[in-house]
Each structure stands twice: as structure tokens, then as C-alpha cells.
>>> print(open('coords_21.pdb').read())   # PDB, C-alpha atoms, pLDDT in the B column
MODEL        1
ATOM      1  CA  MET A 572      27.227  -1.997   5.463  1.00 55.00           C
ATOM      2  CA  SER A 573      23.865  -3.370   6.529  1.00 73.00           C
ATOM      3  CA  SER A 574      21.112  -3.261   3.940  1.00 81.00           C
ATOM      4  CA  VAL A 575      18.851  -1.227   6.275  1.00 85.00           C
ATOM      5  CA  ILE A 576      21.532   1.420   6.752  1.00 91.00           C
ATOM      6  CA  ALA A 577      22.290   1.490   3.028  1.00 90.00           C
ATOM      7  CA  SER A 578      18.593   1.763   2.148  1.00 91.00           C
ATOM      8  CA  ARG A 579      18.168   4.664   4.553  1.00 93.00           C
ATOM      9  CA  ARG A 580      21.244   6.456   3.165  1.00 95.00           C
ATOM     10  CA  TYR A 581      20.130   6.126  -0.452  1.00 94.00           C
ATOM     11  CA  ALA A 582      16.591   7.202   0.474  1.00 94.00           C
ATOM     12  CA  SER A 583      17.950  10.179   2.392  1.00 94.00           C
ATOM     13  CA  ALA A 584      20.164  11.161  -0.533  1.00 94.00           C
ATOM     14  CA  LEU A 585      17.236  10.992  -2.947  1.00 94.00           C
ATOM     15  CA  LEU A 586      15.032  12.996  -0.572  1.00 93.00           C
ATOM     16  CA  SER A 587      17.685  15.711  -0.246  1.00 93.00           C
ATOM     17  CA  ALA A 588      18.251  15.846  -3.992  1.00 93.00           C
ATOM     18  CA  ALA A 589      14.515  15.950  -4.671  1.00 93.00           C
ATOM     19  CA  GLU A 590      14.033  18.805  -2.195  1.00 92.00           C
ATOM     20  CA  GLU A 591      16.917  20.801  -3.654  1.00 92.00           C
ATOM     21  CA  GLY A 592      15.900  20.062  -7.244  1.00 90.00           C
ATOM     22  CA  GLN A 593      12.242  20.760  -6.459  1.00 92.00           C
ATOM     23  CA  PHE A 594      10.958  17.447  -7.801  1.00 91.00           C
ATOM     24  CA  LEU A 595       9.867  15.908  -4.490  1.00 90.00           C
ATOM     25  CA  ASP A 596       6.258  15.213  -5.516  1.00 91.00           C
ATOM     26  CA  GLU A 597       7.404  13.733  -8.830  1.00 92.00           C
ATOM     27  CA  ALA A 598       9.920  11.498  -7.039  1.00 92.00           C
ATOM     28  CA  ALA A 599       7.341  10.306  -4.480  1.00 93.00           C
ATOM     29  CA  GLU A 600       4.834   9.410  -7.217  1.00 93.00           C
ATOM     30  CA  ALA A 601       7.505   7.666  -9.292  1.00 94.00           C
ATOM     31  CA  LEU A 602       8.672   5.634  -6.317  1.00 93.00           C
ATOM     32  CA  ASN A 603       5.076   4.594  -5.570  1.00 92.00           C
ATOM     33  CA  SER A 604       4.744   3.425  -9.172  1.00 93.00           C
ATOM     34  CA  ILE A 605       8.051   1.533  -8.981  1.00 93.00           C
ATOM     35  CA  LYS A 606       7.089  -0.172  -5.711  1.00 92.00           C
ATOM     36  CA  GLU A 607       3.691  -1.156  -7.089  1.00 93.00           C
ATOM     37  CA  THR A 608       5.303  -2.615 -10.207  1.00 93.00           C
ATOM     38  CA  LEU A 609       7.813  -4.600  -8.145  1.00 92.00           C
ATOM     39  CA  ASP A 610       5.059  -5.827  -5.813  1.00 91.00           C
ATOM     40  CA  HIS A 611       3.100  -7.172  -8.789  1.00 92.00           C
ATOM     41  CA  SER A 612       6.037  -8.653 -10.706  1.00 91.00           C
ATOM     42  CA  ARG A 613       7.853 -11.361  -8.818  1.00 91.00           C
ATOM     43  CA  ASP A 614      10.110 -12.067 -11.826  1.00 92.00           C
ATOM     44  CA  LEU A 615      11.295  -8.455 -11.992  1.00 91.00           C
ATOM     45  CA  ALA A 616      11.979  -8.356  -8.251  1.00 91.00           C
ATOM     46  CA  HIS A 617      13.949 -11.633  -8.465  1.00 91.00           C
ATOM     47  CA  ALA A 618      15.944 -10.375 -11.446  1.00 92.00           C
ATOM     48  CA  LEU A 619      16.946  -7.197  -9.592  1.00 92.00           C
ATOM     49  CA  ARG A 620      17.990  -9.212  -6.517  1.00 92.00           C
ATOM     50  CA  SER A 621      19.853 -11.892  -8.478  1.00 91.00           C
ATOM     51  CA  PRO A 622      23.649 -11.914  -8.065  1.00 90.00           C
ATOM     52  CA  LEU A 623      23.871 -13.739 -11.406  1.00 91.00           C
ATOM     53  CA  ILE A 624      22.709 -10.668 -13.352  1.00 89.00           C
ATOM     54  CA  ASN A 625      25.342  -7.957 -13.608  1.00 89.00           C
ATOM     55  CA  GLY A 626      24.784  -4.239 -12.987  1.00 87.00           C
ATOM     56  CA  ASP A 627      24.728  -3.290 -16.681  1.00 90.00           C
ATOM     57  CA  LYS A 628      22.005  -5.823 -17.418  1.00 93.00           C
ATOM     58  CA  LYS A 629      20.006  -4.584 -14.405  1.00 92.00           C
ATOM     59  CA  THR A 630      20.380  -1.017 -15.705  1.00 92.00           C
ATOM     60  CA  HIS A 631      18.933  -2.097 -19.063  1.00 93.00           C
ATOM     61  CA  ILE A 632      16.083  -3.915 -17.307  1.00 93.00           C
ATOM     62  CA  LEU A 633      15.265  -0.843 -15.214  1.00 93.00           C
ATOM     63  CA  GLU A 634      15.377   1.399 -18.298  1.00 92.00           C
ATOM     64  CA  ALA A 635      13.130  -0.942 -20.280  1.00 92.00           C
ATOM     65  CA  VAL A 636      10.541  -1.180 -17.503  1.00 93.00           C
ATOM     66  CA  PHE A 637      10.549   2.318 -16.008  1.00 92.00           C
ATOM     67  CA  SER A 638      11.896   4.825 -18.570  1.00 87.00           C
ATOM     68  CA  GLU A 639       8.381   5.771 -19.761  1.00 89.00           C
ATOM     69  CA  SER A 640       6.763   5.964 -16.313  1.00 87.00           C
ATOM     70  CA  VAL A 641       9.355   7.834 -14.214  1.00 89.00           C
ATOM     71  CA  GLY A 642      11.137  11.104 -14.773  1.00 87.00           C
ATOM     72  CA  ASP A 643      14.733  11.497 -15.881  1.00 91.00           C
ATOM     73  CA  LYS A 644      16.005  12.318 -12.394  1.00 92.00           C
ATOM     74  CA  VAL A 645      14.451   9.255 -10.803  1.00 93.00           C
ATOM     75  CA  MET A 646      15.744   7.159 -13.709  1.00 93.00           C
ATOM     76  CA  ILE A 647      19.266   8.441 -13.013  1.00 93.00           C
ATOM     77  CA  PHE A 648      18.793   7.368  -9.392  1.00 94.00           C
ATOM     78  CA  LEU A 649      17.700   3.877 -10.481  1.00 94.00           C
ATOM     79  CA  LYS A 650      20.746   3.574 -12.755  1.00 93.00           C
ATOM     80  CA  LEU A 651      22.964   4.608  -9.838  1.00 93.00           C
ATOM     81  CA  LEU A 652      21.422   1.881  -7.692  1.00 93.00           C
ATOM     82  CA  ALA A 653      22.088  -0.709 -10.398  1.00 92.00           C
ATOM     83  CA  HIS A 654      25.667   0.534 -10.811  1.00 91.00           C
ATOM     84  CA  LYS A 655      26.261   0.353  -7.036  1.00 92.00           C
ATOM     85  CA  LYS A 656      24.753  -3.167  -6.903  1.00 91.00           C
ATOM     86  CA  ARG A 657      21.764  -1.994  -4.853  1.00 92.00           C
ATOM     87  CA  ALA A 658      18.959  -2.592  -7.381  1.00 91.00           C
ATOM     88  CA  GLY A 659      17.684  -5.484  -5.289  1.00 91.00           C
ATOM     89  CA  GLN A 660      17.093  -3.067  -2.427  1.00 93.00           C
ATOM     90  CA  ILE A 661      14.750  -0.761  -4.356  1.00 94.00           C
ATOM     91  CA  PRO A 662      11.639  -1.815  -2.348  1.00 93.00           C
ATOM     92  CA  GLU A 663      13.439  -1.151   0.948  1.00 94.00           C
ATOM     93  CA  ILE A 664      14.784   2.178  -0.340  1.00 95.00           C
ATOM     94  CA  VAL A 665      11.275   3.217  -1.392  1.00 94.00           C
ATOM     95  CA  ASN A 666       9.931   2.316   2.071  1.00 93.00           C
ATOM     96  CA  GLU A 667      12.697   4.304   3.770  1.00 94.00           C
ATOM     97  CA  PHE A 668      12.079   7.251   1.440  1.00 94.00           C
ATOM     98  CA  HIS A 669       8.429   7.347   2.466  1.00 93.00           C
ATOM     99  CA  LYS A 670       9.342   7.051   6.156  1.00 92.00           C
ATOM    100  CA  LEU A 671      11.730   9.991   5.820  1.00 93.00           C
ATOM    101  CA  LEU A 672       9.154  11.984   3.860  1.00 93.00           C
ATOM    102  CA  ASP A 673       6.569  11.318   6.577  1.00 91.00           C
ATOM    103  CA  GLU A 674       9.053  12.448   9.250  1.00 89.00           C
ATOM    104  CA  ARG A 675       9.746  15.604   7.265  1.00 91.00           C
ATOM    105  CA  ASN A 676       6.010  16.316   6.904  1.00 91.00           C
ATOM    106  CA  GLY A 677       5.184  15.471  10.529  1.00 90.00           C
ATOM    107  CA  VAL A 678       3.068  12.435   9.686  1.00 91.00           C
ATOM    108  CA  ILE A 679       2.903   9.361  11.894  1.00 90.00           C
ATOM    109  CA  ASN A 680       1.438   5.982  10.941  1.00 89.00           C
ATOM    110  CA  VAL A 681      -0.870   4.404  13.507  1.00 90.00           C
ATOM    111  CA  ASP A 682      -2.436   0.928  13.541  1.00 91.00           C
ATOM    112  CA  VAL A 683      -5.842   0.795  15.204  1.00 90.00           C
ATOM    113  CA  LYS A 684      -7.483  -2.553  15.925  1.00 90.00           C
ATOM    114  CA  SER A 685     -11.029  -2.625  17.228  1.00 88.00           C
ATOM    115  CA  ALA A 686     -13.468  -5.330  18.212  1.00 84.00           C
ATOM    116  CA  VAL A 687     -16.220  -3.793  16.053  1.00 86.00           C
ATOM    117  CA  LYS A 688     -16.139  -1.532  13.020  1.00 88.00           C
ATOM    118  CA  LEU A 689     -15.854   2.079  14.134  1.00 85.00           C
ATOM    119  CA  SER A 690     -18.273   4.568  12.636  1.00 88.00           C
ATOM    120  CA  ASP A 691     -16.810   7.372  10.545  1.00 90.00           C
ATOM    121  CA  GLU A 692     -17.430   9.803  13.403  1.00 92.00           C
ATOM    122  CA  GLN A 693     -15.753   7.518  15.962  1.00 90.00           C
ATOM    123  CA  ALA A 694     -12.758   6.967  13.685  1.00 89.00           C
ATOM    124  CA  LYS A 695     -12.409  10.702  13.024  1.00 91.00           C
ATOM    125  CA  ASP A 696     -12.656  11.477  16.738  1.00 91.00           C
ATOM    126  CA  LEU A 697     -10.025   8.841  17.550  1.00 89.00           C
ATOM    127  CA  VAL A 698      -7.674  10.172  14.854  1.00 90.00           C
ATOM    128  CA  ASN A 699      -8.106  13.740  16.162  1.00 92.00           C
ATOM    129  CA  LYS A 700      -7.320  12.620  19.729  1.00 90.00           C
ATOM    130  CA  LEU A 701      -4.259  10.702  18.527  1.00 89.00           C
ATOM    131  CA  ALA A 702      -3.098  13.762  16.569  1.00 90.00           C
ATOM    132  CA  SER A 703      -3.491  15.880  19.703  1.00 90.00           C
ATOM    133  CA  TYR A 704      -1.649  13.240  21.775  1.00 87.00           C
ATOM    134  CA  THR A 705       1.281  12.871  19.357  1.00 85.00           C
ATOM    135  CA  GLY A 706       1.416  16.429  18.060  1.00 88.00           C
ATOM    136  CA  LYS A 707       1.619  15.093  14.511  1.00 89.00           C
ATOM    137  CA  LYS A 708      -0.673  14.392  11.603  1.00 92.00           C
ATOM    138  CA  VAL A 709      -2.011  10.862  11.945  1.00 90.00           C
ATOM    139  CA  ARG A 710      -2.396   8.353   9.117  1.00 90.00           C
ATOM    140  CA  ALA A 711      -4.500   5.621  10.683  1.00 89.00           C
ATOM    141  CA  LYS A 712      -4.904   2.079   9.419  1.00 91.00           C
ATOM    142  CA  MET A 713      -8.102   0.671  10.883  1.00 91.00           C
ATOM    143  CA  SER A 714      -8.707  -3.068  11.188  1.00 89.00           C
ATOM    144  CA  LEU A 715     -11.010  -5.470  12.998  1.00 88.00           C
ATOM    145  CA  GLN A 716      -9.813  -7.938  15.614  1.00 84.00           C
ATOM    146  CA  GLU A 717     -12.797  -9.720  17.085  1.00 79.00           C
ATOM    147  CA  ASN A 718     -10.881 -11.447  19.905  1.00 78.00           C
ATOM    148  CA  LEU A 719     -10.550  -8.080  21.680  1.00 75.00           C
ATOM    149  CA  LEU A 720     -14.154  -8.517  22.951  1.00 77.00           C
ATOM    150  CA  GLY A 721     -14.527  -4.720  23.055  1.00 81.00           C
ATOM    151  CA  GLY A 722     -12.454  -1.532  22.941  1.00 83.00           C
ATOM    152  CA  VAL A 723      -9.430  -0.751  20.787  1.00 86.00           C
ATOM    153  CA  THR A 724      -5.672  -1.183  20.676  1.00 87.00           C
ATOM    154  CA  VAL A 725      -3.513   1.510  19.121  1.00 88.00           C
ATOM    155  CA  LYS A 726       0.058   0.998  17.932  1.00 90.00           C
ATOM    156  CA  ILE A 727       2.103   4.176  17.496  1.00 88.00           C
ATOM    157  CA  GLY A 728       5.625   3.272  16.439  1.00 81.00           C
ATOM    158  CA  ASP A 729       6.889   0.881  19.129  1.00 82.00           C
ATOM    159  CA  THR A 730       4.247   1.917  21.669  1.00 85.00           C
ATOM    160  CA  ILE A 731       1.029  -0.034  22.095  1.00 85.00           C
ATOM    161  CA  VAL A 732      -1.892   1.473  23.960  1.00 84.00           C
ATOM    162  CA  ASP A 733      -4.208  -1.415  24.837  1.00 82.00           C
ATOM    163  CA  GLY A 734      -7.697  -0.293  25.790  1.00 79.00           C
ATOM    164  CA  SER A 735      -9.342  -3.584  24.948  1.00 80.00           C
ATOM    165  CA  VAL A 736     -11.715  -5.482  27.212  1.00 80.00           C
ATOM    166  CA  SER A 737      -9.639  -8.657  26.833  1.00 80.00           C
ATOM    167  CA  HIS A 738      -6.552  -6.807  28.117  1.00 81.00           C
ATOM    168  CA  GLN A 739      -8.484  -5.345  31.059  1.00 82.00           C
ATOM    169  CA  LEU A 740      -9.803  -8.817  31.944  1.00 83.00           C
ATOM    170  CA  LEU A 741      -6.274 -10.234  31.770  1.00 84.00           C
ATOM    171  CA  MET A 742      -4.984  -7.489  34.066  1.00 84.00           C
ATOM    172  CA  MET A 743      -7.867  -8.142  36.504  1.00 85.00           C
ATOM    173  CA  LYS A 744      -7.062 -11.875  36.499  1.00 87.00           C
ATOM    174  CA  LYS A 745      -3.387 -11.186  37.254  1.00 87.00           C
ATOM    175  CA  SER A 746      -4.403  -8.849  40.050  1.00 85.00           C
ATOM    176  CA  LEU A 747      -6.759 -11.426  41.574  1.00 86.00           C
ATOM    177  CA  LEU A 748      -4.164 -14.190  41.356  1.00 86.00           C
ATOM    178  CA  ALA A 749      -1.588 -11.968  43.032  1.00 84.00           C
ATOM    179  CA  GLY A 750      -4.067 -11.274  45.850  1.00 76.00           C
ATOM    180  CA  LYS A 751      -4.287  -7.579  45.095  1.00 62.00           C
ATOM    181  CA  LEU A 752      -7.694  -6.086  44.686  1.00 55.00           C
TER     182      LEU A 752
ENDMDL
END
>>> encode(input="coords_21.pdb", output="C-alpha cells")
Amino acid sequence: MSSVIASRRYASALLSAAEEGQFLDEAAEALNSIKETLDHSRDLAHALRSPLINGDKKTHILEAVFSESVGDKVMIFLKLLAHKKRAGQIPEIVNEFHKLLDERNGVINVDVKSAVKLSDEQAKDLVNKLASYTGKKVRAKMSLQENLLGGVTVKIGDTIVDGSVSHQLLMMKKSLLAGKL
């Protein structure tokens, strides 16, 4: 089974269990803490991915690192992952969990790149228009990309809406070269 499929299945199982057991917020916070710890500890991440360390040892490592910071139910989930030889996939499982949680809550992540820093009012207006366009709550990640010359590009999932000046100039050039005006 592919690691992406497995990560999604484990994340889905945890999400379902957390909803039924009414510990969804606790699980989300614990998974954020786990992901942050793994992002800041390369040695821990390598140990969990290592095929040379057996599942029991990985279980002990997970207990030693996370038993104080996560709840019992999330700890049981981590032990299950170690037992099933999926401890190395914890970061991917956490990412999938958050994607599923966002889907459940109707939240969509959007990347916005602009040539200049948008004012708070402009950013809020753009987010409101994107929310109206998508019909979902928008979590926007704003960034600068000076080579756009002007305007913005918006990436929603696999769709890119390019309203940049550089894109419009490129389209005009193609049109002129093709003899269409």
C-alpha cells in the first residue's frame, strides 16, 4: 500500500475516532505539537523512520517523548502506528489529518502571491471574494513575488488564477506573435 494512501487511512481513522470520542480538538492540538517536535528534531524523525529500530523500541521512544504532552487516546494511536511499522509516517499522517479536518470544516487553503504587500483591507477584501467564489472559509497564505510586476496570482488547490501584469504581458506577446490582435 502506498504511503500516501496509508497516511490518509490512518488520519481518517483517527479523525473518525476523535469525532466519536469527542476529543477532536485535543487530538488536533496534540498532532500539532507532535509535528512541531518532529520538525525541530531531525534525530527523532530519523529514528522513527529507521528500519534498523524495531517497533517496540519506537513505541518506547514515542512514550518517552510524547507521554506528558499528548492525551492517552492520541498516545494509543501513536503506539498503534509504531506497532504497525508506520511511525516514520507520522508527519504525513498529521498533514492528512489536518487536510481531512479542513474538508470537514469547509476550509480551503489558498496561496496568494502579490507584487507588493497588500494592505490589511485589500487582503481582507480578497479573502472575502475568494470565500464567495469557493463557497468555503478561506485560509490565505500571503507572500510577495516581485517579478509579477503588478497584480496577484491565487492558487486554490490545483487551480491557479493569474491576474499578474507579467502574465498579461506574456499573453499579449503571444497574441501579437500569432498575428491576432
>>> resolve_selection(input="coords_21.pdb", expression="the PyMOL selection byres ((chain A and resi 723) around 8)", output="PyMOL selection string")
chain A and resi 683-686+719+721-722+724-725+733-735
>>> write_last_selection(input="coords_21.pdb", atoms="C-alpha atoms", output="short mmCIF file (atom, residue, chain, number, x, y, z; two decimals), in the coordinates of the input")
data_model
loop_
_atom_site.label_atom_id
_atom_site.label_comp_id
_atom_site.auth_asym_id
_atom_site.auth_seq_id
_atom_site.Cartn_x
_atom_site.Cartn_y
_atom_site.Cartn_z
CA VAL A 683 -5.84 0.80 15.20
CA LYS A 684 -7.48 -2.55 15.92
CA SER A 685 -11.03 -2.62 17.23
CA ALA A 686 -13.47 -5.33 18.21
CA LEU A 719 -10.55 -8.08 21.68
CA GLY A 721 -14.53 -4.72 23.06
CA GLY A 722 -12.45 -1.53 22.94
CA THR A 724 -5.67 -1.18 20.68
CA VAL A 725 -3.51 1.51 19.12
CA ASP A 733 -4.21 -1.42 24.84
CA GLY A 734 -7.70 -0.29 25.79
CA SER A 735 -9.34 -3.58 24.95
#
>>> residues_around(input="coords_21.pdb", residues="region 632-634 of chain A", least_positions_apart="2", cutoff="12 Å", atoms="all atoms listed in the file", output="ChimeraX atom specification")
/A:605,608-609,614-619,624-630,636-643,645-654,658-659,661
>>> atom_distance(input="coords_21.pdb", atom1="CA of Ile679 (chain A)", atom2="CA of Ile727 (chain A)")
7.7 Å
>>> resolve_selection(input="coords_21.pdb", expression="the PyMOL selection byres ((chain A and resi 663) around 12)", output="PDB file with C-alpha atoms, in the coordinates of the input")
ATOM      1  CA  SER A 574      21.112  -3.261   3.940  1.00 81.00           C
ATOM      2  CA  VAL A 575      18.851  -1.227   6.275  1.00 85.00           C
ATOM      3  CA  ILE A 576      21.532   1.420   6.752  1.00 91.00           C
ATOM      4  CA  ALA A 577      22.290   1.490   3.028  1.00 90.00           C
ATOM      5  CA  SER A 578      18.593   1.763   2.148  1.00 91.00           C
ATOM      6  CA  ARG A 579      18.168   4.664   4.553  1.00 93.00           C
ATOM      7  CA  ARG A 580      21.244   6.456   3.165  1.00 95.00           C
ATOM      8  CA  TYR A 581      20.130   6.126  -0.452  1.00 94.00           C
ATOM      9  CA  ALA A 582      16.591   7.202   0.474  1.00 94.00           C
ATOM     10  CA  LEU A 602       8.672   5.634  -6.317  1.00 93.00           C
ATOM     11  CA  ILE A 605       8.051   1.533  -8.981  1.00 93.00           C
ATOM     12  CA  LYS A 606       7.089  -0.172  -5.711  1.00 92.00           C
ATOM     13  CA  LEU A 609       7.813  -4.600  -8.145  1.00 92.00           C
ATOM     14  CA  ASP A 610       5.059  -5.827  -5.813  1.00 91.00           C
ATOM     15  CA  ALA A 616      11.979  -8.356  -8.251  1.00 91.00           C
ATOM     16  CA  ARG A 620      17.990  -9.212  -6.517  1.00 92.00           C
ATOM     17  CA  ARG A 657      21.764  -1.994  -4.853  1.00 92.00           C
ATOM     18  CA  ALA A 658      18.959  -2.592  -7.381  1.00 91.00           C
ATOM     19  CA  GLY A 659      17.684  -5.484  -5.289  1.00 91.00           C
ATOM     20  CA  GLN A 660      17.093  -3.067  -2.427  1.00 93.00           C
ATOM     21  CA  ILE A 661      14.750  -0.761  -4.356  1.00 94.00           C
ATOM     22  CA  PRO A 662      11.639  -1.815  -2.348  1.00 93.00           C
ATOM     23  CA  ILE A 664      14.784   2.178  -0.340  1.00 95.00           C
ATOM     24  CA  VAL A 665      11.275   3.217  -1.392  1.00 94.00           C
ATOM     25  CA  ASN A 666       9.931   2.316   2.071  1.00 93.00           C
ATOM     26  CA  GLU A 667      12.697   4.304   3.770  1.00 94.00           C
ATOM     27  CA  PHE A 668      12.079   7.251   1.440  1.00 94.00           C
ATOM     28  CA  HIS A 669       8.429   7.347   2.466  1.00 93.00           C
ATOM     29  CA  LYS A 670       9.342   7.051   6.156  1.00 92.00           C
TER      30      LYS A 670
END
>>> residues_around(input="coords_21.pdb", residues="region 700-712 of chain A", least_positions_apart="4", cutoff="10 Å", atoms="only C-alpha atoms", output="PyMOL selection string")
chain A and resi 673-674+676-684+694-696+725-727
>>> resolve_selection(input="coords_21.pdb", expression="the PyMOL selection byres ((chain A and resi 596-598) around 10)", output="short mmCIF file (atom, residue, chain, number, x, y, z; two decimals) with C-alpha atoms, in the frame of the given file")
data_model
loop_
_atom_site.label_atom_id
_atom_site.label_comp_id
_atom_site.auth_asym_id
_atom_site.auth_seq_id
_atom_site.Cartn_x
_atom_site.Cartn_y
_atom_site.Cartn_z
CA LEU A 585 17.24 10.99 -2.95
CA LEU A 586 15.03 13.00 -0.57
CA ALA A 588 18.25 15.85 -3.99
CA ALA A 589 14.52 15.95 -4.67
CA GLU A 590 14.03 18.80 -2.19
CA GLN A 593 12.24 20.76 -6.46
CA PHE A 594 10.96 17.45 -7.80
CA LEU A 595 9.87 15.91 -4.49
CA ALA A 599 7.34 10.31 -4.48
CA GLU A 600 4.83 9.41 -7.22
CA ALA A 601 7.50 7.67 -9.29
CA LEU A 602 8.67 5.63 -6.32
CA ASN A 603 5.08 4.59 -5.57
CA SER A 604 4.74 3.42 -9.17
CA VAL A 641 9.36 7.83 -14.21
CA GLY A 642 11.14 11.10 -14.77
CA LYS A 644 16.00 12.32 -12.39
CA VAL A 645 14.45 9.26 -10.80
CA MET A 646 15.74 7.16 -13.71
CA PHE A 668 12.08 7.25 1.44
#
>>> closest_residue(input="coords_21.pdb", among="A:Arg675, A:Pro622, A:Glu591, A:His631", to="Lys656 (chain A)", atoms="all atoms listed in the file")
A:Pro622
>>> axis_aligned_box(input="coords_21.pdb", around="region 620-623 of chain A", padding_each_side="6 Å", output="lines of an AutoDock Vina configuration file")
center_x = 20.9
center_y = -11.5
center_z = -9.0
size_x = 17.9
size_y = 16.5
size_z = 16.9
>>> atom_distance(input="coords_21.pdb", atom1="CA of Asn718 (chain A)", atom2="CA of Leu740 (chain A)")
12.4 Å
>>> closest_residue(input="coords_21.pdb", among="A:Ser583, A:Leu741, A:Leu689, A:Asp729", to="Leu715 (chain A)", atoms="only C-alpha atoms")
A:Leu689
>>> atom_distance(input="coords_21.pdb", atom1="CA of Met713 (chain A)", atom2="CA of Lys688 (chain A)")
8.6 Å
>>> decode(input="coords_21.pdb", residues="region 674-686 of chain A", atoms="N, CA, C and O atoms", output="PDB file, in the first residue's frame")
ATOM      1  N   GLU A 674     -11.399  19.810   5.319  1.00  0.00           N
ATOM      2  CA  GLU A 674     -12.515  19.413   4.451  1.00  0.00           C
ATOM      3  C   GLU A 674     -13.806  19.322   5.252  1.00  0.00           C
ATOM      4  O   GLU A 674     -14.847  19.791   4.818  1.00  0.00           O
ATOM      5  N   ARG A 675     -13.721  18.716   6.411  1.00  0.00           N
ATOM      6  CA  ARG A 675     -14.889  18.546   7.278  1.00  0.00           C
ATOM      7  C   ARG A 675     -15.451  19.896   7.715  1.00  0.00           C
ATOM      8  O   ARG A 675     -16.654  20.082   7.795  1.00  0.00           O
ATOM      9  N   ASN A 676     -14.559  20.857   7.984  1.00  0.00           N
ATOM     10  CA  ASN A 676     -14.972  22.180   8.455  1.00  0.00           C
ATOM     11  C   ASN A 676     -15.220  23.174   7.332  1.00  0.00           C
ATOM     12  O   ASN A 676     -15.531  24.335   7.596  1.00  0.00           O
ATOM     13  N   GLY A 677     -15.051  22.747   6.075  1.00  0.00           N
ATOM     14  CA  GLY A 677     -15.288  23.634   4.945  1.00  0.00           C
ATOM     15  C   GLY A 677     -14.244  24.721   4.792  1.00  0.00           C
ATOM     16  O   GLY A 677     -14.559  25.839   4.396  1.00  0.00           O
ATOM     17  N   VAL A 678     -12.998  24.392   5.094  1.00  0.00           N
ATOM     18  CA  VAL A 678     -11.907  25.358   4.997  1.00  0.00           C
ATOM     19  C   VAL A 678     -11.028  24.980   3.805  1.00  0.00           C
ATOM     20  O   VAL A 678     -10.738  23.808   3.585  1.00  0.00           O
ATOM     21  N   ILE A 679     -10.632  25.993   3.047  1.00  0.00           N
ATOM     22  CA  ILE A 679      -9.748  25.755   1.909  1.00  0.00           C
ATOM     23  C   ILE A 679      -8.506  26.629   2.067  1.00  0.00           C
ATOM     24  O   ILE A 679      -8.602  27.781   2.492  1.00  0.00           O
ATOM     25  N   ASN A 680      -7.351  26.059   1.764  1.00  0.00           N
ATOM     26  CA  ASN A 680      -6.091  26.801   1.839  1.00  0.00           C
ATOM     27  C   ASN A 680      -5.799  27.427   0.487  1.00  0.00           C
ATOM     28  O   ASN A 680      -5.909  26.769  -0.549  1.00  0.00           O
ATOM     29  N   VAL A 681      -5.431  28.701   0.508  1.00  0.00           N
ATOM     30  CA  VAL A 681      -5.185  29.458  -0.715  1.00  0.00           C
ATOM     31  C   VAL A 681      -3.833  30.147  -0.593  1.00  0.00           C
ATOM     32  O   VAL A 681      -3.524  30.723   0.446  1.00  0.00           O
ATOM     33  N   ASP A 682      -3.028  30.068  -1.656  1.00  0.00           N
ATOM     34  CA  ASP A 682      -1.753  30.786  -1.713  1.00  0.00           C
ATOM     35  C   ASP A 682      -1.936  32.018  -2.590  1.00  0.00           C
ATOM     36  O   ASP A 682      -2.359  31.907  -3.743  1.00  0.00           O
ATOM     37  N   VAL A 683      -1.642  33.165  -2.027  1.00  0.00           N
ATOM     38  CA  VAL A 683      -1.761  34.433  -2.753  1.00  0.00           C
ATOM     39  C   VAL A 683      -0.375  35.041  -2.861  1.00  0.00           C
ATOM     40  O   VAL A 683       0.293  35.245  -1.851  1.00  0.00           O
ATOM     41  N   LYS A 684       0.044  35.320  -4.095  1.00  0.00           N
ATOM     42  CA  LYS A 684       1.332  35.973  -4.329  1.00  0.00           C
ATOM     43  C   LYS A 684       1.035  37.312  -4.985  1.00  0.00           C
ATOM     44  O   LYS A 684       0.284  37.375  -5.960  1.00  0.00           O
ATOM     45  N   SER A 685       1.632  38.359  -4.443  1.00  0.00           N
ATOM     46  CA  SER A 685       1.403  39.692  -4.993  1.00  0.00           C
ATOM     47  C   SER A 685       2.733  40.390  -5.234  1.00  0.00           C
ATOM     48  O   SER A 685       3.749  40.065  -4.613  1.00  0.00           O
ATOM     49  N   ALA A 686       2.696  41.363  -6.129  1.00  0.00           N
ATOM     50  CA  ALA A 686       3.907  42.104  -6.460  1.00  0.00           C
ATOM     51  C   ALA A 686       4.293  43.064  -5.340  1.00  0.00           C
ATOM     52  O   ALA A 686       5.463  43.346  -5.138  1.00  0.00           O
TER      53      ALA A 686
END
